[in-house]
Amino acid sequence: MATTTLATVDAVLKEIYEKRLRDQLQSDTIALKRIESSSEGVTSEVGGKYVTFPIRTRRNHGIGARAENTVLPVAQSQKYAAARISLAYLYGAVEITGQTMELAQNNTQAFTSVLDAEMSGLRQTLAKDMNRQTYGTSAGILATATGAGSTTTFVTTDADAQYLEVGMILDIWDTSAGALMTGGPFEITTLVSAGGNTTVTYTGASGAATASGDTLHRVGSRNLETIGLRSIVSDTGTLYNIDPTVEPVWKSVNNSNSGTLRALSEGLMIKTADDVRKNGGKTTVILTTMGVRRAYFQLLVQQRRYTNTKEFAGGFSGLAFTTDWGEIPVVSDWDCQANRLYFLNEDELKVYREGEWAFMNRDGSNWQRKITSAGNFDAYQAMMYSYRQLGTHRRNSHALLGDITEA
């Protein structure tokens with residue numbers, strides 16, 4: 001009988017669990033499910049990895065009608081801008097003890113069972129976090145304080161607490177000081193909802209009492225996450241180094257109501273889809289929250305419309321929104337922000353990545369001894385990584401329908 005060695009364990013980790021992570025991350029995330037992934041255009045430069053691509057911002061207007069024997073139109077040219085995206089560097093770590101490693105020598109099945117549990121947890125956490133990032137900004141804000149807290153508590157709305165879980169390890173950004181709170185990192189111990197607000201209690205004590213406007217982030221991740229729909233589907237703000245005040249075509253349709261909530265109507269939805277069409281785009285999916293999905297369902301019921309969930313291309317299912325060029329799936333996603341519908345053109349969205357999720361083994365092994373400032377440990381760590389970014393070639397082919405009342 002062959003002896004199981006660390007090299008054998010190394011191969012099992014890569015050949016079995018790496019593939020499982022890839023499959024799960026691709027199929028278990030709603031927002032990313034039909035967004036194409038590509039390594040096209042990814043380059044390595046001093047300071048990081050980037051994707052660059054040109055976008056057309058203006059037409060050639062060297063055209064016109066003329067009278068007989070008059071001066072012909074003066075030649076013009078198309079106008080372009082160079083979009084440049086830096087990839088985000090994402091990681092996931094798993095750790096097992098030396099005693100567990102020892103099981104691989106005499107009880108491979110027991111070792112595999114322990115490893116299965118650890119890798120399954122890592123897979124689920126990575127999938128959840130990647131989907132969350134798809135809706136956010138590179139700032140990686142998990143929640144924003146809406147009231148005064150203490151040195152051990154943070155207060156936000158129930159809706160804004162949607163990404164928070166007990167056990168999360170966090171940084172707190174002090175907006176008044178413009179710096180991270182001292183005393184961290186902080187681990188969430190309780191989440192208590194009352195009167196529409198959630199009080200977050202965490203271990204340790206921050207350097208000052210938390211206040212309105214302070215933000216929570218995963219440790220070390222502030223301003224380093226992938227660019228998400230909150231940045232892409234917007235009519236303000238520089239995106240990929242292109243400023244919409246310089247290139248007015250570089251902005252999404254924004255059909256919001258200045259923060260005042262309103263009832264959902266088919267008229268609002270049709271206008272939003274039409275505004276995208278006016279820009280030359282075409283909505284292929286509408287992503288929203290469960291509450292807004294319920295509001296849309298109730299709207300259809302009131303009008304005695306067909307309300308069964310439909311299966312769309314690519315295994316996508318949802319309620320149908322009917323337009324004069326076909327049906328669009330309206331799909332709920334837990335990670336979508338409250339009161340929003342994202343009208344997306346999937347053909348103009350792409351996940352740029354240098355490669356799929358893989359184990360880091362640049363020094364010859366997937367497993368590394370745990371060594372910290374406290375000393376050496378009888379434990380081993382494996383690190384997964386992926387360098388990726390969410391990009392769009394046509395920002396104006398997407399739209400936001402905002403400030404919609406949840407049902």
# chains A, B, ... in the order shown; residues from 1 in each chain; ligands from 1
>>> select_by_dssp(residues="range 81-228 of chain A", states="alpha helix (DSSP H)", output="NGL selection string")
:A and (98-106 or 108-135)
>>> residues_around(residues="Ala338 in chain A", least_positions_apart="4", cutoff="10 Å", atoms="only C-alpha atoms", output="NGL selection string")
:A and (159-160 or 162 or 288-292 or 334 or 402-406)
>>> residues_around(residues="Leu268 in chain A", least_positions_apart="3", cutoff="12 Å", atoms="only C-alpha atoms", output="VMD selection string")
chain A and resid 254 to 257 262 to 265 271 to 275 296 321 341 343 399 to 404
>>> select_by_dssp(residues="range 324-360 of chain A", states="strand (DSSP E or B)", output="number ranges by chain")
A: 326-332, 341-344, 349-353, 358-359
>>> write_last_selection(atoms="C-alpha atoms", output="PDB file, in the first residue's frame")
ATOM      1  CA  GLY A 326     -39.101  40.741 -26.227  1.00  0.00           C
ATOM      2  CA  GLU A 327     -39.257  39.539 -22.635  1.00  0.00           C
ATOM      3  CA  ILE A 328     -36.603  40.413 -20.054  1.00  0.00           C
ATOM      4  CA  PRO A 329     -36.092  38.341 -16.885  1.00  0.00           C
ATOM      5  CA  VAL A 330     -36.615  40.185 -13.577  1.00  0.00           C
ATOM      6  CA  VAL A 331     -34.465  38.269 -11.090  1.00  0.00           C
ATOM      7  CA  SER A 332     -34.027  38.852  -7.352  1.00  0.00           C
ATOM      8  CA  LEU A 341     -33.486  47.679 -10.127  1.00  0.00           C
ATOM      9  CA  TYR A 342     -30.401  47.326 -12.311  1.00  0.00           C
ATOM     10  CA  PHE A 343     -31.238  47.212 -16.038  1.00  0.00           C
ATOM     11  CA  LEU A 344     -28.153  45.511 -17.491  1.00  0.00           C
ATOM     12  CA  LEU A 349     -20.236  43.461 -19.178  1.00  0.00           C
ATOM     13  CA  LYS A 350     -17.183  41.290 -18.762  1.00  0.00           C
ATOM     14  CA  VAL A 351     -15.155  39.869 -15.893  1.00  0.00           C
ATOM     15  CA  TYR A 352     -11.517  40.367 -16.807  1.00  0.00           C
ATOM     16  CA  ARG A 353      -9.256  37.942 -15.010  1.00  0.00           C
ATOM     17  CA  ALA A 358      -6.076  28.691  -8.128  1.00  0.00           C
ATOM     18  CA  PHE A 359      -3.918  27.696  -5.172  1.00  0.00           C
TER      19      PHE A 359
END
>>> residues_around(residues="range 198-207 of chain A", least_positions_apart="2", cutoff="7 Å", atoms="only C-alpha atoms", output="list of chain:residue names")
A:Thr151, A:Thr152, A:Thr153, A:Phe154, A:Val155, A:Thr156, A:Thr157, A:Asp158, A:Ala161, A:Met181, A:Thr182, A:Gly183, A:Gly184, A:Phe186, A:Glu187, A:Ile188, A:Thr189, A:Thr190, A:Leu191, A:Val192, A:Ser193, A:Ala194, A:Gly196, A:Ala209
>>> write_last_selection(atoms="C-alpha atoms", output="PDB file, in the first residue's frame")
ATOM      1  CA  THR A 151     -16.420  52.228  21.234  1.00  0.00           C
ATOM      2  CA  THR A 152     -17.893  48.723  21.002  1.00  0.00           C
ATOM      3  CA  THR A 153     -21.034  49.289  18.896  1.00  0.00           C
ATOM      4  CA  PHE A 154     -21.938  50.513  15.422  1.00  0.00           C
ATOM      5  CA  VAL A 155     -25.460  51.561  14.373  1.00  0.00           C
ATOM      6  CA  THR A 156     -26.841  51.287  10.844  1.00  0.00           C
ATOM      7  CA  THR A 157     -30.182  50.636   9.129  1.00  0.00           C
ATOM      8  CA  ASP A 158     -31.535  47.121   8.745  1.00  0.00           C
ATOM      9  CA  ALA A 161     -26.768  45.638   7.466  1.00  0.00           C
ATOM     10  CA  MET A 181     -10.109  53.352  13.918  1.00  0.00           C
ATOM     11  CA  THR A 182      -7.389  52.156  16.262  1.00  0.00           C
ATOM     12  CA  GLY A 183      -7.947  49.036  18.328  1.00  0.00           C
ATOM     13  CA  GLY A 184      -8.863  46.780  15.401  1.00  0.00           C
ATOM     14  CA  PHE A 186     -12.812  43.955  15.180  1.00  0.00           C
ATOM     15  CA  GLU A 187     -14.929  40.796  15.155  1.00  0.00           C
ATOM     16  CA  ILE A 188     -18.736  41.043  15.045  1.00  0.00           C
ATOM     17  CA  THR A 189     -20.262  39.275  18.053  1.00  0.00           C
ATOM     18  CA  THR A 190     -23.953  40.259  17.800  1.00  0.00           C
ATOM     19  CA  LEU A 191     -26.389  41.887  15.360  1.00  0.00           C
ATOM     20  CA  VAL A 192     -29.540  43.219  17.021  1.00  0.00           C
ATOM     21  CA  SER A 193     -32.371  44.714  14.951  1.00  0.00           C
ATOM     22  CA  ALA A 194     -34.937  47.057  16.496  1.00  0.00           C
ATOM     23  CA  GLY A 196     -35.551  49.601  11.581  1.00  0.00           C
ATOM     24  CA  ALA A 209     -17.032  56.120  19.600  1.00  0.00           C
TER      25      ALA A 209
END
>>> closest_residue(among="A:Ser252, A:Met384, A:Ser234, A:Ala407", to="Gly92 in chain A", atoms="only C-alpha atoms")
A:Met384
>>> residues_around(residues="Leu239 in chain A", least_positions_apart="3", cutoff="12 Å", atoms="only C-alpha atoms", output="PDB file with C-alpha atoms, in the first residue's frame")
ATOM      1  CA  ALA A  81     -10.968  57.315 -25.136  1.00  0.00           C
ATOM      2  CA  ALA A  82      -8.717  54.710 -23.540  1.00  0.00           C
ATOM      3  CA  ALA A  83     -10.281  52.826 -20.648  1.00  0.00           C
ATOM      4  CA  ARG A  84      -7.779  51.423 -18.165  1.00  0.00           C
ATOM      5  CA  ILE A  85      -8.730  49.029 -15.369  1.00  0.00           C
ATOM      6  CA  SER A  86      -6.430  47.749 -12.655  1.00  0.00           C
ATOM      7  CA  THR A 137     -17.735  49.855  -5.372  1.00  0.00           C
ATOM      8  CA  SER A 138     -14.029  49.248  -4.990  1.00  0.00           C
ATOM      9  CA  ILE A 227     -15.458  47.685  -9.177  1.00  0.00           C
ATOM     10  CA  GLY A 228     -19.174  46.876  -8.965  1.00  0.00           C
ATOM     11  CA  LEU A 229     -22.525  47.924 -10.364  1.00  0.00           C
ATOM     12  CA  ARG A 230     -22.886  50.821  -7.941  1.00  0.00           C
ATOM     13  CA  SER A 231     -19.954  52.492  -9.719  1.00  0.00           C
ATOM     14  CA  ILE A 232     -20.631  51.223 -13.230  1.00  0.00           C
ATOM     15  CA  VAL A 233     -24.378  51.928 -13.380  1.00  0.00           C
ATOM     16  CA  SER A 234     -24.116  55.613 -12.527  1.00  0.00           C
ATOM     17  CA  ASP A 235     -24.349  58.939 -14.307  1.00  0.00           C
ATOM     18  CA  THR A 236     -21.575  60.533 -12.242  1.00  0.00           C
ATOM     19  CA  ILE A 242     -12.761  58.252 -18.153  1.00  0.00           C
ATOM     20  CA  ASP A 243     -14.608  61.304 -16.768  1.00  0.00           C
ATOM     21  CA  PRO A 244     -18.254  61.671 -17.924  1.00  0.00           C
ATOM     22  CA  THR A 245     -17.972  65.469 -17.598  1.00  0.00           C
ATOM     23  CA  VAL A 246     -15.363  65.299 -20.372  1.00  0.00           C
ATOM     24  CA  GLU A 247     -17.039  62.490 -22.335  1.00  0.00           C
ATOM     25  CA  TRP A 250     -19.803  57.799 -20.630  1.00  0.00           C
ATOM     26  CA  LYS A 251     -22.684  57.654 -18.151  1.00  0.00           C
ATOM     27  CA  SER A 252     -25.496  55.229 -17.380  1.00  0.00           C
ATOM     28  CA  LEU A 390     -15.562  43.793 -13.658  1.00  0.00           C
ATOM     29  CA  GLY A 391     -15.546  45.963 -16.774  1.00  0.00           C
ATOM     30  CA  THR A 392     -17.970  47.438 -19.282  1.00  0.00           C
ATOM     31  CA  HIS A 393     -17.341  48.753 -22.794  1.00  0.00           C
ATOM     32  CA  ARG A 394     -20.567  50.788 -22.877  1.00  0.00           C
ATOM     33  CA  ARG A 395     -21.561  52.412 -19.620  1.00  0.00           C
TER      34      ARG A 395
END
